[in-house]
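To be precise, the following lines are start_27.txt, and they hold compact mmCIF, C-alpha atoms.
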# COMPACT_ATOMS: atom_id res chain seq x y z
CA MET A 1 262.24 191.86 201.68
CA LYS A 2 261.10 192.71 198.18
CA LYS A 3 261.10 190.22 195.33
CA ASN A 4 263.69 192.10 193.28
CA ILE A 5 266.07 192.31 196.25
CA PHE A 6 265.69 188.54 196.66
CA TYR A 7 266.57 187.91 193.00
CA LEU A 8 269.55 190.27 193.37
CA LEU A 9 270.65 188.29 196.41
CA ILE A 10 270.45 185.03 194.44
CA GLY A 11 272.61 186.57 191.71
CA CYS A 12 275.19 187.75 194.26
CA ILE A 13 275.30 184.31 195.92
CA ALA A 14 275.71 182.63 192.53
CA LEU A 15 278.61 184.92 191.64
CA ALA A 16 280.22 184.38 195.05
CA LEU A 17 279.87 180.61 194.69
CA LEU A 18 281.44 180.77 191.24
CA ALA A 19 284.42 182.69 192.67
CA ILE A 20 284.72 180.26 195.60
CA PHE A 21 284.51 177.32 193.20
CA TRP A 22 287.35 178.76 191.13
CA TYR A 23 289.42 179.43 194.25
CA SER A 24 288.82 175.92 195.65
CA VAL A 25 289.98 174.48 192.32
CA GLU A 26 293.12 176.62 192.54
CA ILE A 27 293.98 175.50 196.07
CA ASN A 28 292.58 171.99 195.48
CA LYS A 29 290.21 172.02 198.49
CA PRO A 30 286.81 170.61 197.47
CA LEU A 31 285.49 170.97 201.03
CA LEU A 32 285.53 174.76 200.68
CA ILE A 33 283.04 174.85 197.79
CA GLU A 34 280.95 172.05 199.33
CA ILE A 35 280.42 173.98 202.58
CA SER A 36 279.95 177.27 200.71
CA PHE A 37 277.34 175.71 198.43
CA ILE A 38 275.33 174.35 201.38
CA LEU A 39 275.58 177.73 203.16
CA GLY A 40 274.48 179.56 200.01
CA ILE A 41 271.41 177.35 199.63
CA VAL A 42 270.51 177.79 203.31
CA ILE A 43 270.78 181.59 202.95
CA ILE A 44 268.51 181.47 199.87
CA TYR A 45 265.92 179.34 201.71
CA VAL A 46 265.93 181.67 204.71
CA ALA A 47 265.71 184.78 202.52
CA ARG A 48 262.90 183.18 200.51
CA LYS A 49 260.76 182.99 203.65
CA ASN A 50 261.18 186.73 204.22
CA VAL A 51 260.05 187.81 200.76
CA THR A 52 256.77 189.67 201.16
CA ASP A 53 255.59 190.24 197.59
CA LEU A 54 256.27 186.81 196.13
CA ILE A 55 252.97 184.89 196.08
CA GLU A 56 253.25 181.15 195.71
CA ASP A 57 249.75 179.85 195.16
CA GLU A 58 248.43 176.37 194.47
CA ARG A 59 248.98 176.64 190.70
CA SER A 60 252.66 177.54 191.00
CA ALA A 61 253.05 174.82 193.65
CA LYS A 62 251.50 172.32 191.23
CA ILE A 63 253.85 173.43 188.43
CA THR A 64 256.85 172.97 190.72
CA GLU A 65 255.58 169.61 191.96
CA LYS A 66 254.90 168.24 188.48
CA ALA A 67 258.24 169.47 187.09
CA ALA A 68 260.15 168.00 190.06
CA LEU A 69 258.35 164.66 189.78
CA ARG A 70 258.94 164.32 186.05
CA THR A 71 262.60 165.34 186.45
CA PHE A 72 263.02 162.70 189.13
CA GLN A 73 261.29 160.06 187.00
CA VAL A 74 263.69 160.61 184.09
CA PHE A 75 266.79 161.40 186.12
CA TRP A 76 266.80 158.34 188.37
CA VAL A 77 266.80 156.04 185.33
CA VAL A 78 269.84 157.79 183.80
CA PHE A 79 271.55 158.02 187.19
CA CYS A 80 271.01 154.32 187.92
CA ALA A 81 272.24 153.37 184.45
CA PHE A 82 275.53 155.23 185.07
CA SER A 83 275.79 153.89 188.61
CA ILE A 84 275.25 150.31 187.47
CA SER A 85 278.00 150.64 184.88
CA ALA A 86 280.35 152.08 187.56
CA VAL A 87 279.53 149.23 189.97
CA MET A 88 280.04 146.74 187.16
CA GLN A 89 283.57 148.08 186.62
CA ILE A 90 284.35 147.53 190.31
CA LEU A 91 283.04 143.97 190.26
CA HIS A 92 284.60 143.05 186.92
CA VAL A 93 287.55 140.69 187.26
CA PRO A 94 289.71 140.25 184.15
CA SER A 95 289.71 136.67 182.96
CA PHE A 96 293.47 136.78 182.36
CA PRO A 97 296.26 138.60 184.24
CA ARG A 98 297.22 142.03 183.00
CA ASN A 99 300.53 142.41 181.28
CA ARG A 100 302.72 144.27 183.78
CA THR A 101 306.03 143.59 182.12
CA PHE A 102 306.89 147.24 181.63
CA GLU A 103 305.19 149.04 184.53
CA HIS A 104 305.25 146.64 187.44
CA ILE A 105 306.33 148.38 190.63
CA PRO A 106 306.35 146.24 193.81
CA ASN A 107 303.89 147.29 196.58
CA SER A 108 302.28 149.85 194.30
CA PRO A 109 298.49 150.33 194.46
CA PRO A 110 296.40 148.63 191.80
CA PRO A 111 295.68 150.70 188.70
CA GLU A 112 292.60 152.93 188.82
CA ILE A 113 289.57 151.23 187.33
CA MET A 114 287.80 154.47 186.49
CA PRO A 115 289.88 157.64 186.71
CA LEU A 116 288.53 160.23 189.15
CA ARG A 117 288.60 162.86 186.39
CA MET A 118 286.27 160.70 184.31
CA MET A 119 283.86 160.43 187.25
CA GLY A 120 283.92 164.23 187.46
CA TYR A 121 282.85 164.51 183.84
CA VAL A 122 280.05 162.01 184.40
CA GLN A 123 278.86 163.93 187.48
CA LEU A 124 279.00 167.21 185.54
CA GLY A 125 276.95 165.66 182.74
CA LEU A 126 274.38 164.35 185.21
CA LEU A 127 274.15 167.72 186.96
CA CYS A 128 273.62 169.54 183.65
CA LEU A 129 271.05 166.93 182.62
CA MET A 130 269.13 167.40 185.86
CA ILE A 131 269.08 171.20 185.48
CA PHE A 132 268.02 171.04 181.82
CA LEU A 133 265.33 168.47 182.59
CA TYR A 134 263.91 170.57 185.43
CA VAL A 135 263.93 173.81 183.45
CA GLY A 136 262.40 172.07 180.44
CA PHE A 137 259.63 170.41 182.44
CA ARG A 138 258.98 173.62 184.34
CA LEU A 139 258.54 175.56 181.11
CA TYR A 140 256.28 172.81 179.76
CA TYR A 141 254.00 172.72 182.81
CA ALA A 142 254.00 176.50 183.20
CA ARG A 143 252.71 176.73 179.64
CA LYS A 144 250.24 173.90 180.21
CA TYR A 145 248.76 175.57 183.29
CA GLY A 146 248.44 178.95 181.66
CA ASP A 147 251.50 180.89 182.77
CA TRP A 148 251.67 182.87 179.53
CA GLU A 149 247.97 183.30 178.93
CA THR A 150 246.92 186.85 178.20
CA ASP A 151 243.62 188.68 178.28
CA GLU A 152 241.98 188.92 174.90
CA GLU A 153 240.00 192.05 175.66
CA MET B 1 228.60 190.99 187.71
CA HIS B 2 230.60 192.50 190.57
CA ASP B 3 232.57 195.05 188.58
CA MET B 4 235.95 193.91 189.76
CA THR B 5 239.29 193.10 188.19
CA GLN B 6 241.17 189.81 188.13
CA GLU B 7 243.77 191.43 190.36
CA ASP B 8 241.11 192.25 192.97
CA LEU B 9 239.77 188.70 192.98
CA ALA B 10 243.29 187.28 193.11
CA GLN B 11 244.17 189.40 196.12
CA LYS B 12 240.95 188.50 197.93
CA THR B 13 241.42 184.77 197.36
CA GLY B 14 245.18 184.68 197.99
CA VAL B 15 246.35 183.62 194.55
CA THR B 16 248.05 185.36 191.64
CA ARG B 17 246.21 187.14 188.84
CA GLN B 18 247.70 184.59 186.44
CA THR B 19 245.93 181.81 188.34
CA ILE B 20 242.56 183.55 188.01
CA LEU B 21 243.26 184.05 184.30
CA ALA B 22 244.27 180.39 183.88
CA ILE B 23 241.02 179.28 185.59
CA GLU B 24 238.96 181.53 183.33
CA LYS B 25 240.69 180.14 180.25
CA GLY B 26 240.16 176.55 181.41
CA LYS B 27 243.90 175.92 181.61
CA TYR B 28 243.92 175.22 185.33
CA VAL B 29 241.41 173.36 187.46
CA PRO B 30 241.29 174.96 190.93
CA SER B 31 241.33 172.93 194.10
CA LEU B 32 238.09 172.58 196.07
CA ASP B 33 239.50 174.96 198.64
CA LEU B 34 240.10 177.72 196.09
CA ALA B 35 236.79 177.03 194.35
CA PHE B 36 234.94 177.48 197.65
CA ARG B 37 236.89 180.64 198.43
CA ILE B 38 235.92 182.14 195.07
CA ALA B 39 232.29 181.12 195.50
CA ARG B 40 232.16 182.48 199.04
CA TYR B 41 233.71 185.73 197.92
CA PHE B 42 230.87 186.20 195.43
CA ASP B 43 228.43 184.95 198.08
CA VAL B 44 226.99 182.29 195.78
CA ASN B 45 226.93 178.50 195.66
CA ILE B 46 229.91 176.79 194.10
CA GLU B 47 227.70 175.40 191.31
CA GLU B 48 226.90 178.93 190.22
CA VAL B 49 230.55 179.62 189.53
CA PHE B 50 231.84 176.23 188.39
CA THR B 51 230.35 173.30 186.54
CA TYR B 52 231.64 169.79 186.34
CA GLU B 53 231.98 168.20 182.92
CA GLU B 54 232.24 164.50 182.16
CA GLU B 55 235.77 164.85 180.75
CA GLY B 56 236.92 165.96 184.15
CA ARG B 57 237.31 169.59 183.15
CA THR B 58 235.99 172.30 185.39
CA ILE B 59 235.08 175.55 183.73
CA GLU B 60 234.01 178.88 185.04
CA ILE B 61 230.62 179.99 183.80
CA ASP B 62 230.37 183.40 185.38

Just give me the structure of the file as structure tokens.
Amino acid sequence: MKKNIFYLLIGCIALALLAIFWYSVEINKPLLIEISFILGIVIIYVARKNVTDLIEDERSAKITEKAALRTFQVFWVVFCAFSISAVMQILHVPSFPRNRTFEHIPNSPPPEIMPLRMMGYVQLGLLCLMIFLYVGFRLYYARKYGDWETDEE
Amino acid sequence: MHDMTQEDLAQKTGVTRQTILAIEKGKYVPSLDLAFRIARYFDVNIEEVFTYEEEGRTIEID
């Protein structure tokens, strides 16, 4: 497989995943996009092995390694900070009973501590942060290790 | 010296032309494996292609 065909395939998979994501939101089935996403990534990995004209040498491997390591170093701190605050909300016990005068329904579940929608926003923010961090570090190390160097003569 | 292009050397040593260029410019320090491959391709000792500097930078001299 040629490099350009591989990039075209990635674009097609991304578009398909976007459509599936939209559809799974419409029918409210998160499992559909989860399985599709894993399948899409597996297809990309398999196709990547069959690309003949894409040379990954030690310099590009080093750029990838450094960018991934730095992304991980920053990301785990932010991720743990959010996780700790979420765990803290679970463990937090109010020091006085809540006023349930108006909304008390017998045998009803306890009120949500952190709404699921809010968790979705946090996850989205973390995902975007991870992507931006990786792209940023990749650009930085690519520049550092001479990706955009040109011949002077 | 050998009248060859960066692309030729890159193909012979299994790396990209950009890597050869980055080594020439001192932006990237090659691994020992790649350094030996380059030296062997030119049929010279590794010291004739690369020198070691105190700062830890390796530069190509040929």

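Residue nearest chain A within the list B:Tyr52, B:Phe42, B:Tyr28, B:Phe36: B:Tyr28 [criterion: smallest interatomic distance, only C-alpha atoms].
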
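The list of chain A residues within 7 Å of chain B is Ile55, Asp57, Arg59, Lys144, Tyr145, Gly146, Asp147 and Glu149 of chain A; this uses all atoms listed in the file.
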
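Between CA of Arg37 in chain B and CA of Glu58 in chain A the interatomic distance comes to 12.9 Å.
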
Can you list, as an MDAnalysis selection string, every protein, DNA or RNA residue that comes within 12 Å of Tyr45 in chain A when you count all atoms listed in the file, leaving out same-chain residues fewer than 6 positions away? chainID A and resid 6 9:10 38:39 51

Using 6 Å of padding on each side, determine the axis-aligned box around all atoms of range 5-8 of chain A present in the file and give its centre and edge lengths in Å to one decimal, as lines of an AutoDock Vina configuration file.
center_x = 267.6
center_y = 190.1
center_z = 194.8
size_x = 15.9
size_y = 16.4
size_z = 15.7

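Taking CA of Phe72 in chain A as the reference point, CA of Leu127 in chain A is found at 12.4 Å.
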
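The coordinates place CA of Leu15 in chain A at 28.2 Å from CA of Phe79 in chain A.
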